[in-house]
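Engineer: Just dropping this structure here.
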Protein chains: 2
Amino acid sequence: MASPLDIEREEGLTLQPKFDASGLLTCVATDAATSEVLMVAHMNEDALRKTIESGEAWYFSRSRGALWRKGETSGQTQRVVELRMDCDQDAVWIRVEQVGAACHTGRKSCFYRKVENGDGGPRLVLVGADRLFDPKAVYKK
Amino acid sequence: MASPLDIEREEGLTLQPKFDASGLLTCVATDAATSEVLMVAHMNEDALRKTIESGEAWYFSRSRGALWRKGETSGQTQRVVELRMDCDQDAVWIRVEQVGAACHTGRKSCFYRKVENGDGGPRLVLVGADRLFDPKAVYKK
């Protein structure tokens with residue numbers, strides 16, 4: 001049974017993000033021009049606030065434990081055209097103008113492989129996997 | 001520094017899903033016809049396998065702690081047109097043919113509110129929020 005607070009969060013017009021136990025929301029970024037899903041990442045409270053205030057995508061990196069402006073190292077920034085909240089306000093969808101490539105591997109989208117069923121079980125098949133930049137050069141790894 | 005296992009997971013063609021500490025992947029479902037983001041949900045190993053095998057979307061409900069075929073109560077099923085894995089294989093993107101509405105509130109998409117900046121700070125604004133079904137009637141709450 002939904003509580004009054006849940007109903008207000010779903011039907012109201014107040015921004016009431018529901019961060020998880022780690023203080024994070026899930027964020028899906030799609031390309032505003034092509035509608036392709038570019039990446040899935042996370043935002044903490046600071047990242048969400050900075051994204052709304054600046055119109056540039058900010059995330060929280062779980063592996064590095066740090067707030068992160070998309071493109072601050074790679075130059076592959078994301079200008080936010082629209083930001084939407086989902087029903088229970090634990091997920092964010094941003095439509096962005098992507099400069100270059102969203103994926104750290106140098107591809108436009110992180111989703112460059114699809115699953116196909118074969119005789120030996122499911123396999124991955126490359127799709128749209130051309131690199132737009134060389135990650136070794138960009139990240140100096 | 002990326003380990004050899006990380007590189008194989010990112011560049012290889014073997015399905016090696018990277019489930020989180022709760023045994024889950026994040027899944028984004030988009031409408032195959034309109035490219036709209038319909039919902040963000042989670043899949044455990046069983047849900048991913050059943051989705052790949054059946055071509056229908058299965059999820060794992062964190063609130064109910066249960067495997068769940070999308071639409072089993074509401075009839076609002078999702079036929080999977082394509083399933084993609086992201087670079088580090090901890091997120092799935094499915095393009096689906098959505099029967100009716102994806103959101104439990106009766107809307108086509110869970111993302112029926114956008115964030116707008118105003119004088120008093122950010123506010124939510126309804127967008128595409130028409131209900132396609134009455135949740136009280138469908139879920140018998």
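Please note that chains go A, B, ... in the order of the structure tokens, that every chain numbers its residues from 1, and that ligands are numbered from 1 in the order shown.
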Fit chain A to chain B, using all C-alpha atoms paired in sequence order for the least-squares superposition, and then show me the result as a compact mmCIF listing (two decimals) with C-alpha atoms, in the first residue's frame.
Structural biologist:
```txt
# COMPACT_ATOMS: atom_id res chain seq x y z
CA MET A 1 44.13 1.07 -14.11
CA ALA A 2 41.86 -1.40 -15.85
CA SER A 3 42.56 -5.06 -15.07
CA PRO A 4 42.73 -7.71 -17.86
CA LEU A 5 39.31 -8.94 -16.66
CA ASP A 6 37.87 -5.43 -16.94
CA ILE A 7 39.27 -5.09 -20.47
CA GLU A 8 37.84 -8.46 -21.51
CA ARG A 9 34.47 -7.42 -20.09
CA GLU A 10 34.55 -4.14 -22.03
CA GLU A 11 36.03 -5.28 -25.32
CA GLY A 12 35.06 -8.96 -25.51
CA LEU A 13 32.02 -10.64 -27.02
CA THR A 14 31.25 -12.87 -24.05
CA LEU A 15 28.22 -12.03 -21.94
CA GLN A 16 29.70 -11.43 -18.48
CA PRO A 17 27.13 -9.42 -16.53
CA LYS A 18 28.56 -7.60 -13.52
CA PHE A 19 25.88 -7.82 -10.85
CA ASP A 20 26.14 -5.43 -7.89
CA ALA A 21 26.40 -6.45 -4.22
CA SER A 22 22.63 -7.13 -4.25
CA GLY A 23 22.95 -9.30 -7.36
CA LEU A 24 21.35 -6.74 -9.67
CA LEU A 25 21.92 -4.92 -12.95
CA THR A 26 20.26 -1.62 -13.83
CA CYS A 27 17.91 -1.85 -16.82
CA VAL A 28 16.64 1.02 -18.97
CA ALA A 29 13.62 0.28 -21.15
CA THR A 30 12.88 2.53 -24.12
CA ASP A 31 9.95 2.43 -26.52
CA ALA A 32 11.14 0.85 -29.78
CA ALA A 33 8.78 3.07 -31.80
CA THR A 34 9.24 6.49 -30.16
CA SER A 35 12.63 6.02 -28.41
CA GLU A 36 11.13 7.53 -25.25
CA VAL A 37 12.58 6.24 -21.97
CA LEU A 38 9.76 4.22 -20.38
CA MET A 39 11.27 3.08 -17.09
CA VAL A 40 14.38 2.21 -15.11
CA ALA A 41 14.29 -1.06 -13.18
CA HIS A 42 16.54 -3.91 -12.07
CA MET A 43 17.33 -7.42 -13.25
CA ASN A 44 18.90 -10.23 -11.29
CA GLU A 45 20.52 -13.20 -13.02
CA ASP A 46 17.19 -15.04 -13.43
CA ALA A 47 15.44 -11.96 -14.82
CA LEU A 48 18.20 -11.39 -17.38
CA ARG A 49 18.17 -15.05 -18.46
CA LYS A 50 14.39 -15.19 -18.74
CA THR A 51 14.33 -11.93 -20.69
CA ILE A 52 16.93 -13.22 -23.18
CA GLU A 53 15.27 -16.62 -23.52
CA SER A 54 11.64 -15.49 -23.75
CA GLY A 55 11.91 -12.13 -25.50
CA GLU A 56 9.61 -10.68 -22.82
CA ALA A 57 10.89 -8.29 -20.14
CA TRP A 58 11.43 -9.78 -16.67
CA TYR A 59 12.64 -7.71 -13.74
CA PHE A 60 13.52 -8.15 -10.07
CA SER A 61 11.48 -6.03 -7.71
CA ARG A 62 13.64 -4.68 -4.89
CA SER A 63 10.61 -3.66 -2.81
CA ARG A 64 8.91 -7.05 -3.11
CA GLY A 65 12.13 -9.09 -3.27
CA ALA A 66 10.69 -11.08 -6.17
CA LEU A 67 11.22 -11.93 -9.81
CA TRP A 68 8.51 -10.31 -11.89
CA ARG A 69 7.36 -10.61 -15.48
CA LYS A 70 6.47 -7.12 -16.66
CA GLY A 71 2.71 -6.96 -17.12
CA GLU A 72 1.88 -10.19 -15.25
CA THR A 73 -0.62 -8.28 -13.07
CA SER A 74 -1.42 -5.28 -15.26
CA GLY A 75 -1.31 -6.90 -18.70
CA GLN A 76 1.06 -4.11 -19.79
CA THR A 77 3.75 -6.42 -21.17
CA GLN A 78 7.01 -5.54 -22.94
CA ARG A 79 8.24 -7.48 -25.97
CA VAL A 80 12.00 -7.04 -26.31
CA VAL A 81 13.14 -5.95 -29.78
CA GLU A 82 16.80 -5.54 -28.81
CA LEU A 83 18.88 -5.99 -25.67
CA ARG A 84 22.20 -4.23 -25.29
CA MET A 85 24.87 -4.39 -22.56
CA ASP A 86 26.92 -1.38 -21.56
CA CYS A 87 30.73 -1.15 -21.48
CA ASP A 88 31.30 -2.64 -18.03
CA GLN A 89 28.25 -4.93 -18.28
CA ASP A 90 26.47 -3.59 -15.22
CA ALA A 91 23.63 -1.95 -17.15
CA VAL A 92 21.21 -3.23 -19.77
CA TRP A 93 19.26 -1.24 -22.36
CA ILE A 94 16.17 -2.92 -23.81
CA ARG A 95 14.15 -1.51 -26.69
CA VAL A 96 10.61 -2.80 -26.27
CA GLU A 97 7.19 -2.89 -27.80
CA GLN A 98 5.17 -1.66 -24.86
CA VAL A 99 1.58 -2.85 -24.53
CA GLY A 100 -0.31 0.09 -23.00
CA ALA A 101 1.59 1.87 -20.25
CA ALA A 102 4.91 1.06 -18.58
CA CYS A 103 4.32 3.02 -15.36
CA HIS A 104 2.37 1.62 -12.39
CA THR A 105 0.64 5.04 -12.15
CA GLY A 106 -1.01 4.32 -15.51
CA ARG A 107 1.19 6.62 -17.60
CA LYS A 108 3.00 5.47 -20.74
CA SER A 109 6.39 6.39 -19.23
CA CYS A 110 7.53 6.73 -15.61
CA PHE A 111 9.18 10.01 -16.64
CA TYR A 112 6.06 12.22 -16.78
CA ARG A 113 7.57 15.23 -14.98
CA LYS A 114 10.42 17.48 -15.99
CA VAL A 115 12.45 19.78 -13.73
CA GLU A 116 12.25 23.51 -14.38
CA ASN A 117 14.17 26.25 -12.64
CA GLY A 118 12.01 28.96 -11.11
CA ASP A 119 12.40 31.87 -8.67
CA GLY A 120 11.78 29.57 -5.71
CA GLY A 121 14.17 26.86 -6.95
CA PRO A 122 13.54 23.81 -9.11
CA ARG A 123 9.96 22.58 -9.59
CA LEU A 124 8.39 19.68 -11.42
CA VAL A 125 6.14 20.24 -14.44
CA LEU A 126 3.88 17.55 -15.88
CA VAL A 127 4.68 16.40 -19.41
CA GLY A 128 3.00 13.48 -21.19
CA ALA A 129 1.21 12.62 -17.94
CA ASP A 130 -2.11 11.35 -19.31
CA ARG A 131 -3.12 8.05 -17.77
CA LEU A 132 -3.71 5.11 -20.10
CA PHE A 133 -5.22 3.00 -17.34
CA ASP A 134 -6.61 3.45 -13.83
CA PRO A 135 -4.12 1.89 -11.40
CA LYS A 136 -6.84 1.34 -8.76
CA ALA A 137 -8.81 -0.80 -11.19
CA VAL A 138 -5.79 -2.64 -12.56
CA TYR A 139 -4.00 -3.42 -9.31
CA LYS A 140 -7.19 -3.74 -7.20
CA LYS A 141 -5.65 -1.59 -4.47
```
Engineer: Pick out each residue of chain A that DSSP on the backbone tags as helix (DSSP H, G or I); I need them as a PyMOL selection string.
Structural biologist: chain A and resi 4-11+45-54+135-139
Engineer: Could those residues be written to a file, using N, CA and C atoms, as a short mmCIF file (atom, residue, chain, number, x, y, z; two decimals), in the first residue's frame?
Structural biologist:
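So again.cif came out as:
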```cif
data_model
loop_
_atom_site.label_atom_id
_atom_site.label_comp_id
_atom_site.auth_asym_id
_atom_site.auth_seq_id
_atom_site.Cartn_x
_atom_site.Cartn_y
_atom_site.Cartn_z
N PRO A 4 0.98 8.11 2.19
CA PRO A 4 0.73 9.47 1.69
C PRO A 4 1.99 10.13 1.14
N LEU A 5 3.15 9.87 1.78
CA LEU A 5 4.40 10.44 1.30
C LEU A 5 4.76 9.90 -0.09
N ASP A 6 4.54 8.58 -0.28
CA ASP A 6 4.81 7.99 -1.59
C ASP A 6 3.92 8.63 -2.66
N ILE A 7 2.64 8.84 -2.31
CA ILE A 7 1.69 9.40 -3.28
C ILE A 7 2.09 10.83 -3.63
N GLU A 8 2.47 11.61 -2.61
CA GLU A 8 2.93 12.99 -2.86
C GLU A 8 4.16 12.98 -3.77
N ARG A 9 5.06 12.04 -3.52
CA ARG A 9 6.28 11.96 -4.34
C ARG A 9 5.96 11.60 -5.79
N GLU A 10 4.92 10.79 -5.98
CA GLU A 10 4.57 10.34 -7.34
C GLU A 10 3.68 11.33 -8.08
N GLU A 11 2.80 11.98 -7.34
CA GLU A 11 1.80 12.82 -8.02
C GLU A 11 2.06 14.32 -7.85
N GLU A 45 23.38 14.05 -4.25
CA GLU A 45 22.62 15.30 -4.12
C GLU A 45 23.36 16.47 -4.78
N ASP A 46 24.67 16.54 -4.56
CA ASP A 46 25.47 17.62 -5.16
C ASP A 46 25.44 17.56 -6.69
N ALA A 47 25.58 16.35 -7.22
CA ALA A 47 25.61 16.19 -8.69
C ALA A 47 24.28 16.63 -9.29
N LEU A 48 23.17 16.24 -8.64
CA LEU A 48 21.86 16.64 -9.15
C LEU A 48 21.71 18.16 -9.10
N ARG A 49 22.09 18.77 -7.99
CA ARG A 49 21.96 20.22 -7.84
C ARG A 49 22.81 20.96 -8.87
N LYS A 50 24.06 20.52 -9.03
CA LYS A 50 24.95 21.18 -9.98
C LYS A 50 24.45 21.01 -11.42
N THR A 51 23.89 19.83 -11.71
CA THR A 51 23.36 19.60 -13.05
C THR A 51 22.19 20.56 -13.32
N ILE A 52 21.28 20.67 -12.36
CA ILE A 52 20.12 21.55 -12.53
C ILE A 52 20.57 23.02 -12.64
N GLU A 53 21.49 23.42 -11.78
CA GLU A 53 21.91 24.82 -11.77
C GLU A 53 22.73 25.21 -12.99
N SER A 54 23.61 24.31 -13.44
CA SER A 54 24.58 24.68 -14.49
C SER A 54 24.11 24.31 -15.89
N PRO A 135 41.07 6.35 -26.09
CA PRO A 135 41.06 6.56 -24.64
C PRO A 135 42.48 6.68 -24.06
N LYS A 136 43.44 5.97 -24.63
CA LYS A 136 44.82 6.04 -24.10
C LYS A 136 45.36 7.47 -24.22
N ALA A 137 45.04 8.12 -25.34
CA ALA A 137 45.53 9.48 -25.54
C ALA A 137 44.77 10.46 -24.64
N VAL A 138 43.46 10.24 -24.52
CA VAL A 138 42.63 11.19 -23.78
C VAL A 138 42.86 11.11 -22.27
N TYR A 139 42.92 9.88 -21.76
CA TYR A 139 43.04 9.71 -20.31
C TYR A 139 44.49 9.53 -19.86
#
```
